[in-house]
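Raw entry-v1.cif, mmCIF, C-alpha atoms:
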```cif
data_query
loop_
_atom_site.group_PDB
_atom_site.id
_atom_site.type_symbol
_atom_site.label_atom_id
_atom_site.label_comp_id
_atom_site.auth_asym_id
_atom_site.auth_seq_id
_atom_site.Cartn_x
_atom_site.Cartn_y
_atom_site.Cartn_z
ATOM 1 C CA MET A 38 -15.498 -5.606 13.672
ATOM 2 C CA SER A 39 -12.613 -6.406 11.363
ATOM 3 C CA THR A 40 -13.195 -7.614 7.824
ATOM 4 C CA ALA A 41 -11.217 -10.748 8.693
ATOM 5 C CA THR A 42 -13.629 -11.564 11.526
ATOM 6 C CA ILE A 43 -16.640 -11.029 9.289
ATOM 7 C CA LYS A 44 -15.118 -13.244 6.620
ATOM 8 C CA ARG A 45 -14.269 -15.902 9.175
ATOM 9 C CA ASP A 46 -17.885 -15.866 10.381
ATOM 10 C CA LEU A 47 -19.246 -16.126 6.877
ATOM 11 C CA LEU A 48 -16.785 -18.824 5.926
ATOM 12 C CA ASN A 49 -17.913 -20.795 8.920
ATOM 13 C CA SER A 50 -21.508 -20.720 7.682
ATOM 14 C CA MET A 51 -20.466 -21.237 4.070
ATOM 15 C CA ARG A 52 -19.217 -24.701 4.926
ATOM 16 C CA ASP A 53 -22.924 -25.532 4.892
ATOM 17 C CA ARG A 54 -23.856 -25.919 1.243
ATOM 18 C CA GLU A 55 -27.397 -24.646 1.749
ATOM 19 C CA PHE A 56 -26.178 -21.423 3.332
ATOM 20 C CA ARG A 57 -23.474 -21.083 0.692
ATOM 21 C CA ALA A 58 -25.970 -21.296 -2.158
ATOM 22 C CA ALA A 59 -28.400 -18.946 -0.424
ATOM 23 C CA PHE A 60 -25.711 -16.408 0.350
ATOM 24 C CA ASN A 61 -24.528 -16.536 -3.253
ATOM 25 C CA LEU A 62 -28.051 -15.732 -4.429
ATOM 26 C CA GLU A 63 -28.492 -12.922 -1.916
ATOM 27 C CA ASN A 64 -25.087 -11.556 -2.801
ATOM 28 C CA VAL A 65 -26.046 -11.246 -6.462
ATOM 29 C CA TYR A 66 -29.414 -9.599 -5.953
ATOM 30 C CA THR A 67 -28.535 -7.419 -2.980
ATOM 31 C CA THR A 68 -25.536 -6.068 -4.850
ATOM 32 C CA ILE A 69 -27.663 -5.338 -7.923
ATOM 33 C CA CYS A 70 -30.339 -3.573 -5.857
ATOM 34 C CA PHE A 71 -27.876 -1.359 -4.049
ATOM 35 C CA GLN A 72 -25.773 -0.741 -7.125
ATOM 36 C CA LEU A 73 -28.816 0.535 -9.001
ATOM 37 C CA ARG A 74 -29.440 2.945 -6.155
ATOM 38 C CA ALA A 75 -25.748 3.928 -6.140
ATOM 39 C CA LEU A 76 -25.797 4.561 -9.907
ATOM 40 C CA ARG A 77 -28.983 6.578 -9.640
ATOM 41 C CA GLU A 78 -27.663 8.689 -6.761
ATOM 42 C CA GLN A 79 -24.317 9.136 -8.539
ATOM 43 C CA ARG A 80 -26.284 10.752 -11.365
ATOM 44 C CA GLY A 81 -28.346 12.815 -8.932
ATOM 45 C CA MET A 82 -31.617 11.345 -10.148
ATOM 46 C CA SER A 83 -34.905 10.514 -8.475
ATOM 47 C CA GLN A 84 -36.364 7.077 -9.164
ATOM 48 C CA GLY A 85 -38.782 8.725 -11.619
ATOM 49 C CA ALA A 86 -36.048 10.516 -13.561
ATOM 50 C CA PHE A 87 -33.884 7.429 -13.515
ATOM 51 C CA GLY A 88 -36.809 5.384 -14.804
ATOM 52 C CA ARG A 89 -37.325 7.774 -17.710
ATOM 53 C CA ASN A 90 -33.628 7.500 -18.490
ATOM 54 C CA VAL A 91 -33.810 3.719 -18.764
ATOM 55 C CA ARG A 92 -37.382 3.635 -20.104
ATOM 56 C CA MET A 93 -38.947 2.038 -17.037
ATOM 57 C CA ALA A 94 -41.691 3.163 -14.675
ATOM 58 C CA GLN A 95 -40.705 4.632 -11.298
ATOM 59 C CA GLU A 96 -42.501 1.732 -9.591
ATOM 60 C CA ARG A 97 -40.296 -0.724 -11.436
ATOM 61 C CA ILE A 98 -37.141 1.102 -10.337
ATOM 62 C CA SER A 99 -38.416 1.015 -6.760
ATOM 63 C CA ILE A 100 -38.858 -2.752 -6.990
ATOM 64 C CA LEU A 101 -35.471 -3.220 -8.629
ATOM 65 C CA GLU A 102 -33.824 -1.343 -5.753
ATOM 66 C CA ASP A 103 -35.601 -3.410 -3.091
ATOM 67 C CA PRO A 104 -33.635 -6.500 -1.995
ATOM 68 C CA ASN A 105 -36.832 -7.898 -0.438
ATOM 69 C CA ALA A 106 -38.764 -7.774 -3.696
ATOM 70 C CA GLU A 107 -40.104 -11.087 -4.930
ATOM 71 C CA THR A 108 -39.484 -10.111 -8.538
ATOM 72 C CA LYS A 109 -35.845 -10.385 -9.479
ATOM 73 C CA PRO A 110 -34.355 -8.728 -12.557
ATOM 74 C CA THR A 111 -33.601 -10.920 -15.532
ATOM 75 C CA LEU A 112 -30.403 -10.733 -17.529
ATOM 76 C CA ASN A 113 -32.316 -8.909 -20.256
ATOM 77 C CA THR A 114 -33.483 -6.306 -17.742
ATOM 78 C CA LEU A 115 -29.933 -5.811 -16.499
ATOM 79 C CA LEU A 116 -28.693 -5.379 -20.066
ATOM 80 C CA ARG A 117 -31.413 -2.837 -20.681
ATOM 81 C CA LEU A 118 -30.402 -0.932 -17.556
ATOM 82 C CA ALA A 119 -26.750 -1.075 -18.601
ATOM 83 C CA ASP A 120 -27.695 0.313 -22.010
ATOM 84 C CA GLY A 121 -29.717 3.134 -20.454
ATOM 85 C CA LEU A 122 -26.872 3.999 -18.093
ATOM 86 C CA ASP A 123 -24.214 3.557 -20.792
ATOM 87 C CA VAL A 124 -22.190 1.250 -18.564
ATOM 88 C CA GLY A 125 -20.920 -2.277 -19.061
ATOM 89 C CA LEU A 126 -22.369 -5.406 -17.514
ATOM 90 C CA GLU A 127 -20.240 -8.335 -16.451
ATOM 91 C CA VAL A 128 -21.843 -11.680 -15.614
ATOM 92 C CA ARG A 129 -19.473 -14.516 -14.856
ATOM 93 C CA PHE A 130 -18.955 -17.519 -12.608
ATOM 94 C CA VAL A 131 -16.463 -16.897 -9.819
ATOM 95 C CA PRO A 132 -14.882 -18.829 -6.947
ATOM 96 C CA PHE A 133 -16.511 -18.404 -3.559
ATOM 97 C CA SER A 134 -13.541 -16.363 -2.397
ATOM 98 C CA LYS A 135 -14.865 -13.632 -4.707
ATOM 99 C CA VAL A 136 -18.346 -13.993 -3.249
ATOM 100 C CA LEU A 137 -16.827 -13.569 0.186
ATOM 101 C CA ASP A 138 -14.973 -10.453 -0.981
ATOM 102 C CA ARG A 139 -18.057 -8.936 -2.580
ATOM 103 C CA GLY A 140 -20.204 -9.809 0.410
ATOM 104 C CA THR A 141 -17.956 -7.993 2.826
ATOM 105 C CA ASP A 142 -16.774 -5.060 0.711
ATOM 106 C CA THR A 143 -20.100 -3.251 0.654
ATOM 107 C CA ASP A 144 -19.112 0.400 0.488
ATOM 108 C CA MET A 145 -21.744 2.144 -1.644
ATOM 109 C CA ARG A 146 -19.092 4.330 -3.301
ATOM 110 C CA GLU A 147 -17.481 1.203 -4.718
ATOM 111 C CA LEU A 148 -20.712 0.502 -6.579
ATOM 112 C CA GLN A 149 -20.622 3.720 -8.583
ATOM 113 C CA VAL A 150 -19.731 3.396 -12.275
ATOM 114 C CA ASP A 151 -19.014 6.155 -14.752
ATOM 115 C CA SER A 152 -20.740 6.158 -18.125
ATOM 116 C CA PHE A 153 -18.669 5.406 -21.207
ATOM 117 C CA GLU A 154 -18.419 9.076 -22.180
ATOM 118 C CA THR A 155 -17.188 10.035 -18.713
ATOM 119 C CA GLU A 156 -14.717 7.176 -18.607
ATOM 120 C CA LEU A 157 -13.440 7.664 -22.176
ATOM 121 C CA PRO A 158 -10.463 9.951 -21.402
ATOM 122 C CA LEU A 159 -9.300 7.462 -18.776
ATOM 123 C CA ILE A 160 -9.646 4.555 -21.212
ATOM 124 C CA GLU A 161 -7.639 6.470 -23.810
ATOM 125 C CA GLN A 162 -4.922 7.185 -21.266
ATOM 126 C CA GLY A 163 -4.852 3.516 -20.366
ATOM 127 C CA VAL A 164 -4.499 2.442 -23.992
ATOM 128 C CA ALA A 165 -1.650 4.891 -24.507
ATOM 129 C CA TYR A 166 0.015 3.731 -21.331
ATOM 130 C CA LEU A 167 -0.237 0.049 -22.210
ATOM 131 C CA ALA A 168 1.115 0.733 -25.695
ATOM 132 C CA ALA A 169 4.075 2.467 -24.111
ATOM 133 C CA MET A 170 4.608 -0.433 -21.748
ATOM 134 C CA GLU A 171 4.527 -2.905 -24.635
ATOM 135 C CA ASP A 172 7.055 -0.802 -26.580
ATOM 136 C CA GLN A 173 9.217 -0.755 -23.499
ATOM 137 C CA LEU A 174 8.960 -4.526 -23.145
ATOM 138 C CA ARG A 175 9.980 -5.036 -26.754
ATOM 139 C CA ALA A 176 13.045 -2.865 -26.157
ATOM 140 C CA VAL A 177 14.233 -5.004 -23.244
ATOM 141 C CA PRO A 178 16.687 -7.766 -24.274
ATOM 142 C CA HIS A 179 15.613 -11.390 -23.937
ATOM 143 C CA ASP A 180 16.139 -12.953 -20.525
ATOM 144 C CA ASP A 181 16.685 -9.561 -19.008
ATOM 145 C CA PHE A 182 15.872 -9.283 -15.351
ATOM 146 C CA ALA A 183 13.288 -6.617 -16.044
ATOM 147 C CA ARG A 184 11.447 -8.819 -18.547
ATOM 148 C CA ARG A 185 11.148 -11.529 -15.940
ATOM 149 C CA GLU A 186 9.892 -9.006 -13.453
ATOM 150 C CA LEU A 187 7.387 -7.517 -15.865
ATOM 151 C CA SER A 188 5.961 -10.903 -16.661
ATOM 152 C CA GLY A 189 5.423 -11.967 -13.082
ATOM 153 C CA GLY A 190 7.267 -9.999 -10.453
ATOM 154 C CA ASN A 191 6.534 -6.804 -8.648
ATOM 155 C CA GLN A 192 9.882 -5.251 -7.881
ATOM 156 C CA ASN A 193 12.115 -2.787 -9.668
ATOM 157 C CA VAL A 194 9.510 -1.981 -12.271
ATOM 158 C CA SER A 195 9.076 1.626 -11.203
ATOM 159 C CA GLU A 196 12.361 2.688 -12.800
ATOM 160 C CA LEU A 197 11.289 1.149 -16.083
ATOM 161 C CA GLN A 198 7.802 2.518 -16.190
ATOM 162 C CA SER A 199 8.490 5.938 -14.754
ATOM 163 C CA PRO A 200 9.257 7.946 -17.949
ATOM 164 C CA TRP A 201 6.564 6.157 -19.848
ATOM 165 C CA LEU A 202 3.967 6.865 -17.233
ATOM 166 C CA GLU A 203 4.736 10.552 -17.391
ATOM 167 C CA LYS A 204 4.683 10.490 -21.178
ATOM 168 C CA ALA A 205 1.425 8.573 -21.346
ATOM 169 C CA THR A 206 -0.435 10.585 -18.756
ATOM 170 C CA GLY A 207 1.297 13.935 -18.970
ATOM 171 C CA THR A 208 1.622 14.016 -15.219
ATOM 172 C CA GLN A 209 4.464 13.815 -12.766
ATOM 173 C CA LYS A 210 4.365 10.369 -11.318
ATOM 174 C CA LYS A 211 4.423 9.893 -7.588
ATOM 175 C CA GLU A 212 6.549 7.039 -6.376
ATOM 176 C CA PRO A 213 4.346 4.004 -7.005
ATOM 177 C CA SER A 214 4.056 1.345 -4.380
ATOM 178 C CA SER A 215 4.978 -2.209 -5.159
ATOM 179 C CA GLU A 216 1.276 -2.964 -4.891
ATOM 180 C CA HIS A 217 0.596 -0.525 -7.716
ATOM 181 C CA ASN A 218 3.308 -2.092 -9.819
ATOM 182 C CA PHE A 219 1.789 -5.476 -9.314
ATOM 183 C CA PHE A 220 -1.599 -4.035 -10.113
ATOM 184 C CA LEU A 221 -0.281 -2.525 -13.330
ATOM 185 C CA ILE A 222 1.358 -5.644 -14.571
ATOM 186 C CA ARG A 223 -1.417 -8.012 -13.611
ATOM 187 C CA GLY A 224 -4.358 -5.685 -14.107
ATOM 188 C CA GLY A 225 -6.274 -4.901 -17.254
ATOM 189 C CA LEU A 226 -6.753 -1.795 -19.301
ATOM 190 C CA ALA A 227 -9.034 0.009 -16.902
ATOM 191 C CA ASP A 228 -6.770 -0.800 -13.971
ATOM 192 C CA ALA A 229 -3.795 0.573 -15.853
ATOM 193 C CA ALA A 230 -5.722 3.690 -16.753
ATOM 194 C CA ARG A 231 -6.758 4.249 -13.183
ATOM 195 C CA VAL A 232 -3.239 3.893 -11.837
ATOM 196 C CA GLY A 233 -1.879 5.910 -14.743
ATOM 197 C CA ALA A 234 -4.250 8.726 -13.934
ATOM 198 C CA THR A 235 -3.664 8.758 -10.216
ATOM 199 C CA GLY A 236 0.010 7.895 -10.384
ATOM 200 C CA MET B 277 -14.440 1.397 5.492
ATOM 201 C CA ASN B 278 -17.865 0.578 6.820
ATOM 202 C CA GLU B 279 -20.366 3.318 7.535
ATOM 203 C CA TRP B 280 -22.029 1.326 10.308
ATOM 204 C CA SER B 281 -21.103 -1.404 12.760
ATOM 205 C CA PHE B 282 -23.825 -3.688 14.054
ATOM 206 C CA PHE B 283 -24.128 -4.777 17.670
ATOM 207 C CA ASP B 284 -26.431 -7.254 19.422
ATOM 208 C CA TYR B 285 -28.171 -6.700 22.732
ATOM 209 C CA ILE B 286 -27.017 -8.892 25.614
ATOM 210 C CA ASP B 287 -29.519 -9.730 28.334
ATOM 211 C CA GLU B 288 -28.895 -9.662 32.090
ATOM 212 C CA ARG B 289 -27.769 -13.319 32.056
ATOM 213 C CA GLY B 290 -25.155 -12.547 29.413
ATOM 214 C CA THR B 291 -26.906 -14.394 26.604
ATOM 215 C CA ASN B 292 -27.433 -12.932 23.154
ATOM 216 C CA PRO B 293 -31.125 -13.149 22.214
ATOM 217 C CA ILE B 294 -30.457 -11.791 18.731
ATOM 218 C CA ARG B 295 -27.931 -14.477 17.909
ATOM 219 C CA ASP B 296 -30.051 -17.194 19.526
ATOM 220 C CA TRP B 297 -32.988 -16.145 17.345
ATOM 221 C CA LEU B 298 -30.939 -15.906 14.177
ATOM 222 C CA MET B 299 -29.271 -19.275 14.634
ATOM 223 C CA ASP B 300 -32.519 -21.118 15.450
ATOM 224 C CA ARG B 301 -33.359 -22.789 12.151
ATOM 225 C CA ARG B 302 -36.953 -23.416 13.236
ATOM 226 C CA VAL B 303 -37.498 -19.681 13.564
ATOM 227 C CA VAL B 304 -35.128 -18.396 10.897
ATOM 228 C CA PRO B 305 -34.473 -20.903 8.097
ATOM 229 C CA VAL B 306 -30.979 -21.001 6.641
ATOM 230 C CA LYS B 307 -31.998 -19.156 3.474
ATOM 231 C CA ALA B 308 -33.661 -16.402 5.485
ATOM 232 C CA ARG B 309 -30.553 -16.067 7.647
ATOM 233 C CA ALA B 310 -28.437 -15.706 4.507
ATOM 234 C CA ARG B 311 -30.665 -12.860 3.348
ATOM 235 C CA ILE B 312 -30.681 -11.143 6.741
ATOM 236 C CA GLN B 313 -26.906 -11.331 7.096
ATOM 237 C CA ARG B 314 -26.256 -10.183 3.533
ATOM 238 C CA ILE B 315 -28.587 -7.219 3.884
ATOM 239 C CA LEU B 316 -26.994 -6.244 7.199
ATOM 240 C CA LEU B 317 -23.588 -6.362 5.511
ATOM 241 C CA GLN B 318 -24.873 -4.098 2.766
ATOM 242 C CA LEU B 319 -26.422 -1.672 5.235
ATOM 243 C CA ALA B 320 -23.078 -1.557 7.042
ATOM 244 C CA GLY B 321 -21.618 -0.031 3.882
ATOM 245 C CA THR B 322 -24.518 2.352 3.289
ATOM 246 C CA ALA B 323 -24.523 5.743 4.983
ATOM 247 C CA LEU B 324 -28.179 6.558 4.473
ATOM 248 C CA TRP B 325 -30.789 3.850 4.918
ATOM 249 C CA ILE B 326 -34.045 4.347 3.089
ATOM 250 C CA ARG B 327 -37.530 2.893 3.057
ATOM 251 C CA PRO B 328 -38.788 0.253 2.676
ATOM 252 C CA LEU B 329 -35.695 -1.490 3.973
ATOM 253 C CA ALA B 330 -35.416 0.615 7.127
ATOM 254 C CA SER B 331 -37.659 3.124 8.817
ATOM 255 C CA ASN B 332 -38.261 4.847 12.121
ATOM 256 C CA LEU B 333 -40.922 3.205 14.212
ATOM 257 C CA ASP B 334 -43.866 5.544 14.761
ATOM 258 C CA ASP B 335 -44.596 6.263 18.429
ATOM 259 C CA TYR B 336 -41.302 4.758 19.627
ATOM 260 C CA ALA B 337 -38.705 7.521 19.612
ATOM 261 C CA GLY B 338 -35.319 6.442 18.396
ATOM 262 C CA ILE B 339 -36.360 2.929 17.447
ATOM 263 C CA VAL B 340 -35.602 1.876 13.891
ATOM 264 C CA GLU B 341 -36.901 -1.257 12.216
ATOM 265 C CA ILE B 342 -34.963 -3.097 9.554
ATOM 266 C CA ARG B 343 -37.435 -4.917 7.355
ATOM 267 C CA ILE B 344 -36.429 -8.147 5.699
ATOM 268 C CA ARG B 345 -38.848 -10.417 3.901
ATOM 269 C CA TRP B 346 -38.147 -13.973 2.976
ATOM 270 C CA MET B 347 -40.872 -16.069 1.351
ATOM 271 C CA ASN B 348 -44.012 -14.941 3.174
ATOM 272 C CA THR B 349 -42.385 -14.049 6.455
ATOM 273 C CA GLN B 350 -41.718 -10.434 7.408
ATOM 274 C CA TYR B 351 -38.695 -10.381 9.680
ATOM 275 C CA ARG B 352 -38.082 -7.252 11.709
ATOM 276 C CA LEU B 353 -34.951 -6.232 13.535
ATOM 277 C CA LEU B 354 -35.723 -3.454 15.988
ATOM 278 C CA GLY B 355 -32.817 -1.361 17.173
ATOM 279 C CA PHE B 356 -31.386 2.103 17.463
ATOM 280 C CA ARG B 357 -28.534 4.142 16.061
ATOM 281 C CA GLY B 358 -26.017 4.085 18.890
ATOM 282 C CA PRO B 359 -24.806 4.041 21.560
ATOM 283 C CA ASP B 360 -21.860 5.622 19.701
ATOM 284 C CA GLN B 361 -21.602 7.199 16.288
ATOM 285 C CA ARG B 362 -21.781 4.862 13.321
ATOM 286 C CA GLN B 363 -23.094 2.068 15.531
ATOM 287 C CA PHE B 364 -26.429 0.329 15.256
ATOM 288 C CA SER B 365 -27.594 -1.890 18.120
ATOM 289 C CA ILE B 366 -30.080 -4.634 17.350
ATOM 290 C CA LEU B 367 -32.339 -4.902 20.384
ATOM 291 C CA VAL B 368 -35.249 -7.179 19.531
ATOM 292 C CA PRO B 369 -35.901 -9.582 16.676
ATOM 293 C CA ALA B 370 -39.526 -9.932 15.669
ATOM 294 C CA ILE B 371 -41.909 -10.972 12.941
ATOM 295 C CA GLU B 372 -44.668 -8.783 11.571
ATOM 296 C CA GLN B 373 -48.018 -10.434 10.957
ATOM 297 C CA GLY B 374 -50.978 -8.362 9.800
ATOM 298 C CA ASP B 375 -49.588 -5.042 11.058
ATOM 299 C CA ARG B 376 -48.726 -6.555 14.420
ATOM 300 C CA PHE B 377 -45.403 -7.557 15.840
ATOM 301 C CA VAL B 378 -44.785 -11.017 17.197
ATOM 302 C CA PRO B 379 -44.011 -10.718 20.050
ATOM 303 C CA LEU B 380 -46.583 -7.986 20.439
ATOM 304 C CA ASN B 381 -44.494 -6.031 22.946
ATOM 305 C CA ALA B 382 -41.394 -5.957 20.705
ATOM 306 C CA PRO B 383 -41.356 -2.134 20.333
ATOM 307 C CA ASP B 384 -41.751 -1.623 24.098
ATOM 308 C CA THR B 385 -39.005 -4.132 24.773
ATOM 309 C CA ALA B 386 -36.797 -2.337 22.263
ATOM 310 C CA THR B 387 -37.376 0.981 24.020
ATOM 311 C CA THR B 388 -36.528 -0.528 27.397
ATOM 312 C CA ARG B 389 -33.411 -2.198 26.051
ATOM 313 C CA MET B 390 -32.267 0.974 24.305
ATOM 314 C CA ALA B 391 -32.222 2.731 27.684
ATOM 315 C CA ILE B 392 -30.302 -0.174 29.206
ATOM 316 C CA VAL B 393 -27.661 -0.076 26.468
ATOM 317 C CA ILE B 394 -27.255 3.689 26.674
ATOM 318 C CA ALA B 395 -26.700 3.360 30.425
ATOM 319 C CA ASP B 396 -24.380 0.357 30.165
ATOM 320 C CA ARG B 397 -22.462 -0.278 26.978
ATOM 321 C CA ARG B 398 -21.395 -3.693 28.191
ATOM 322 C CA ARG B 399 -24.911 -4.799 27.288
ATOM 323 C CA ILE B 400 -24.041 -5.080 23.601
ATOM 324 C CA VAL B 401 -21.581 -7.209 21.639
ATOM 325 C CA GLU B 402 -20.513 -7.035 18.031
ATOM 326 C CA HIS B 403 -22.946 -8.708 15.700
ATOM 327 C CA ARG B 404 -21.656 -11.963 14.230
ATOM 328 C CA TYR B 405 -22.224 -12.804 10.586
ATOM 329 C CA ASP B 406 -22.145 -16.598 10.708
#
```
Show me the file's structure as structure tokens.
Amino acid sequence: MSTATIKRDLLNSMRDREFRAAFNLENVYTTICFQLRALREQRGMSQGAFGRNVRMAQERISILEDPNAETKPTLNTLLRLADGLDVGLEVRFVPFSKVLDRGTDTDMRELQVDSFETELPLIEQGVAYLAAMEDQLRAVPHDDFARRELSGGNQNVSELQSPWLEKATGTQKKEPSSEHNFFLIRGGLADAARVGATG
Amino acid sequence: MNEWSFFDYIDERGTNPIRDWLMDRRVVPVKARARIQRILLQLAGTALWIRPLASNLDDYAGIVEIRIRWMNTQYRLLGFRGPDQRQFSILVPAIEQGDRFVPLNAPDTATTRMAIVIADRRRIVEHRYD
């Protein structure tokens, strides 16, 4: 079944406020449960070893990974898990379009997150790359076509960013797609680092 | 890309007993349906299903139960991995009460329906998530 069909089905039910609220709740907790499992498996740990890592009993980890469990993790528990895993935690209100996206993009690999130490080289590359981009922007005359493109467009940026990308990442850049350009301009630090690293 | 695609059994009259069950608010309240659908979506993206969420049914070869609890009700979706790779066919919806299925013959029905589906793949349709 296509993702569009699944989204259309869900959207149909989401017109009902009760379903919408319930799905939102399930989306939060199911994602958390499966992401904890994904993080644990990414680190090659049993529930017991993972529990020791985050200072929780194996039984508690088992409950936290169970989407049927009556007990739901609190924000404090999630922060404690994030601290133990050395990963960030983002809690924010979002439009339902995001809920729909999250609810249908359920690939377990997407739930894996590197620890800060693992991610650090990528973050540093991203910072260097963004600094280079900002220098490049400053060098472009006012009202230049490229400035307009960099601030909102997605075309003809590859020529501008190409030498900087190589300088920032030390790699030969493949020809970026317009989607990547858009991603770079609109995305944040981590996005830039990711694209910078993969080219 | 999803690891699994879910399908529903279609009976000899062409009706979908899985969908009928899921959309009957007296049997499956809206909030329970939201949980069932969201968990199925997550399982679709998960290569390896583990207990307690899913397990093989003892004494019924090939039958897998997906276990979903909402409030005090234990919902069970009995099905099998197939007929093709990366497909899971839901054959019988049930409720577990005190170690017994309601309906009581749910595992037998699932076994019968599994054979029907393997013999005739027109007896399943893609699961709908509404």
Neighbours of chain B in chain A at 10 Å, counting all atoms listed in the file, as a PDB file with C-alpha atoms, in the frame of the given file:
```
ATOM      1  CA  MET A  38     -15.498  -5.606  13.672  1.00  0.00           C
ATOM      2  CA  SER A  39     -12.613  -6.406  11.363  1.00  0.00           C
ATOM      3  CA  THR A  40     -13.195  -7.614   7.824  1.00  0.00           C
ATOM      4  CA  THR A  42     -13.629 -11.564  11.526  1.00  0.00           C
ATOM      5  CA  ILE A  43     -16.640 -11.029   9.289  1.00  0.00           C
ATOM      6  CA  LYS A  44     -15.118 -13.244   6.620  1.00  0.00           C
ATOM      7  CA  ARG A  45     -14.269 -15.902   9.175  1.00  0.00           C
ATOM      8  CA  ASP A  46     -17.885 -15.866  10.381  1.00  0.00           C
ATOM      9  CA  LEU A  47     -19.246 -16.126   6.877  1.00  0.00           C
ATOM     10  CA  LEU A  48     -16.785 -18.824   5.926  1.00  0.00           C
ATOM     11  CA  ASN A  49     -17.913 -20.795   8.920  1.00  0.00           C
ATOM     12  CA  SER A  50     -21.508 -20.720   7.682  1.00  0.00           C
ATOM     13  CA  MET A  51     -20.466 -21.237   4.070  1.00  0.00           C
ATOM     14  CA  ASP A  53     -22.924 -25.532   4.892  1.00  0.00           C
ATOM     15  CA  GLU A  55     -27.397 -24.646   1.749  1.00  0.00           C
ATOM     16  CA  PHE A  56     -26.178 -21.423   3.332  1.00  0.00           C
ATOM     17  CA  ARG A  57     -23.474 -21.083   0.692  1.00  0.00           C
ATOM     18  CA  ALA A  58     -25.970 -21.296  -2.158  1.00  0.00           C
ATOM     19  CA  ALA A  59     -28.400 -18.946  -0.424  1.00  0.00           C
ATOM     20  CA  PHE A  60     -25.711 -16.408   0.350  1.00  0.00           C
ATOM     21  CA  ASN A  61     -24.528 -16.536  -3.253  1.00  0.00           C
ATOM     22  CA  LEU A  62     -28.051 -15.732  -4.429  1.00  0.00           C
ATOM     23  CA  GLU A  63     -28.492 -12.922  -1.916  1.00  0.00           C
ATOM     24  CA  ASN A  64     -25.087 -11.556  -2.801  1.00  0.00           C
ATOM     25  CA  TYR A  66     -29.414  -9.599  -5.953  1.00  0.00           C
ATOM     26  CA  THR A  67     -28.535  -7.419  -2.980  1.00  0.00           C
ATOM     27  CA  THR A  68     -25.536  -6.068  -4.850  1.00  0.00           C
ATOM     28  CA  PHE A  71     -27.876  -1.359  -4.049  1.00  0.00           C
ATOM     29  CA  ALA A  75     -25.748   3.928  -6.140  1.00  0.00           C
ATOM     30  CA  SER A  99     -38.416   1.015  -6.760  1.00  0.00           C
ATOM     31  CA  GLU A 102     -33.824  -1.343  -5.753  1.00  0.00           C
ATOM     32  CA  ASP A 103     -35.601  -3.410  -3.091  1.00  0.00           C
ATOM     33  CA  PRO A 104     -33.635  -6.500  -1.995  1.00  0.00           C
ATOM     34  CA  ASN A 105     -36.832  -7.898  -0.438  1.00  0.00           C
ATOM     35  CA  ALA A 106     -38.764  -7.774  -3.696  1.00  0.00           C
ATOM     36  CA  GLU A 107     -40.104 -11.087  -4.930  1.00  0.00           C
ATOM     37  CA  ARG A 139     -18.057  -8.936  -2.580  1.00  0.00           C
ATOM     38  CA  GLY A 140     -20.204  -9.809   0.410  1.00  0.00           C
ATOM     39  CA  THR A 141     -17.956  -7.993   2.826  1.00  0.00           C
ATOM     40  CA  ASP A 142     -16.774  -5.060   0.711  1.00  0.00           C
ATOM     41  CA  THR A 143     -20.100  -3.251   0.654  1.00  0.00           C
ATOM     42  CA  ASP A 144     -19.112   0.400   0.488  1.00  0.00           C
ATOM     43  CA  MET A 145     -21.744   2.144  -1.644  1.00  0.00           C
ATOM     44  CA  ARG A 146     -19.092   4.330  -3.301  1.00  0.00           C
ATOM     45  CA  GLU A 147     -17.481   1.203  -4.718  1.00  0.00           C
TER      46      GLU A 147
END
```
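Reported to one decimal place, the separation of CA of Leu354 in chain B from CA of Ala337 in chain B is 11.9 Å.
Selection by the PyMOL selection byres ((chain A and resi 127) around 12) on the present file picks out Val65, Ile69, Leu112, Leu115, Leu116, Ala119, Val124, Gly125, Leu126, Val128, Arg129, Phe130 and Val131 of chain A.
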Give me the result of the PyMOL selection byres ((chain B and resi 378) around 12) on this file, residue by residue, as a tab-separated table (two decimals) with C-alpha atoms, in the frame of the given file.
```tsv
chain	number	residue	atom	x	y	z
B	303	VAL	CA	-37.50	-19.68	13.56
B	349	THR	CA	-42.38	-14.05	6.46
B	350	GLN	CA	-41.72	-10.43	7.41
B	351	TYR	CA	-38.70	-10.38	9.68
B	352	ARG	CA	-38.08	-7.25	11.71
B	353	LEU	CA	-34.95	-6.23	13.54
B	354	LEU	CA	-35.72	-3.45	15.99
B	368	VAL	CA	-35.25	-7.18	19.53
B	369	PRO	CA	-35.90	-9.58	16.68
B	370	ALA	CA	-39.53	-9.93	15.67
B	371	ILE	CA	-41.91	-10.97	12.94
B	372	GLU	CA	-44.67	-8.78	11.57
B	373	GLN	CA	-48.02	-10.43	10.96
B	374	GLY	CA	-50.98	-8.36	9.80
B	375	ASP	CA	-49.59	-5.04	11.06
B	376	ARG	CA	-48.73	-6.56	14.42
B	377	PHE	CA	-45.40	-7.56	15.84
B	379	PRO	CA	-44.01	-10.72	20.05
B	380	LEU	CA	-46.58	-7.99	20.44
B	381	ASN	CA	-44.49	-6.03	22.95
B	382	ALA	CA	-41.39	-5.96	20.70
B	383	PRO	CA	-41.36	-2.13	20.33
B	385	THR	CA	-39.01	-4.13	24.77
```
- Note on the structure: A straight line from CA of Arg97 in chain A to CA of Asn113 in chain A spans 14.4 Å
- Task: Tell me which protein, DNA and RNA residues are within 12 Å of Thr291 in chain B, counting all atoms listed in the file, leaving out same-chain ones fewer than 6 positions away, and put them as a PyMOL selection string.
- Result: chain B and resi 284-285+297+399-401
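Distances here use all atoms listed in the file; by that measure, the residue among A:Leu122, A:Cys70, A:Lys109, A:Arg117 closest to Phe87 in chain A is A:Leu122.
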- Tell me, in Å to one decimal, how far CA of Ile339 in chain B is from CA of Thr387 in chain B. 6.9 Å
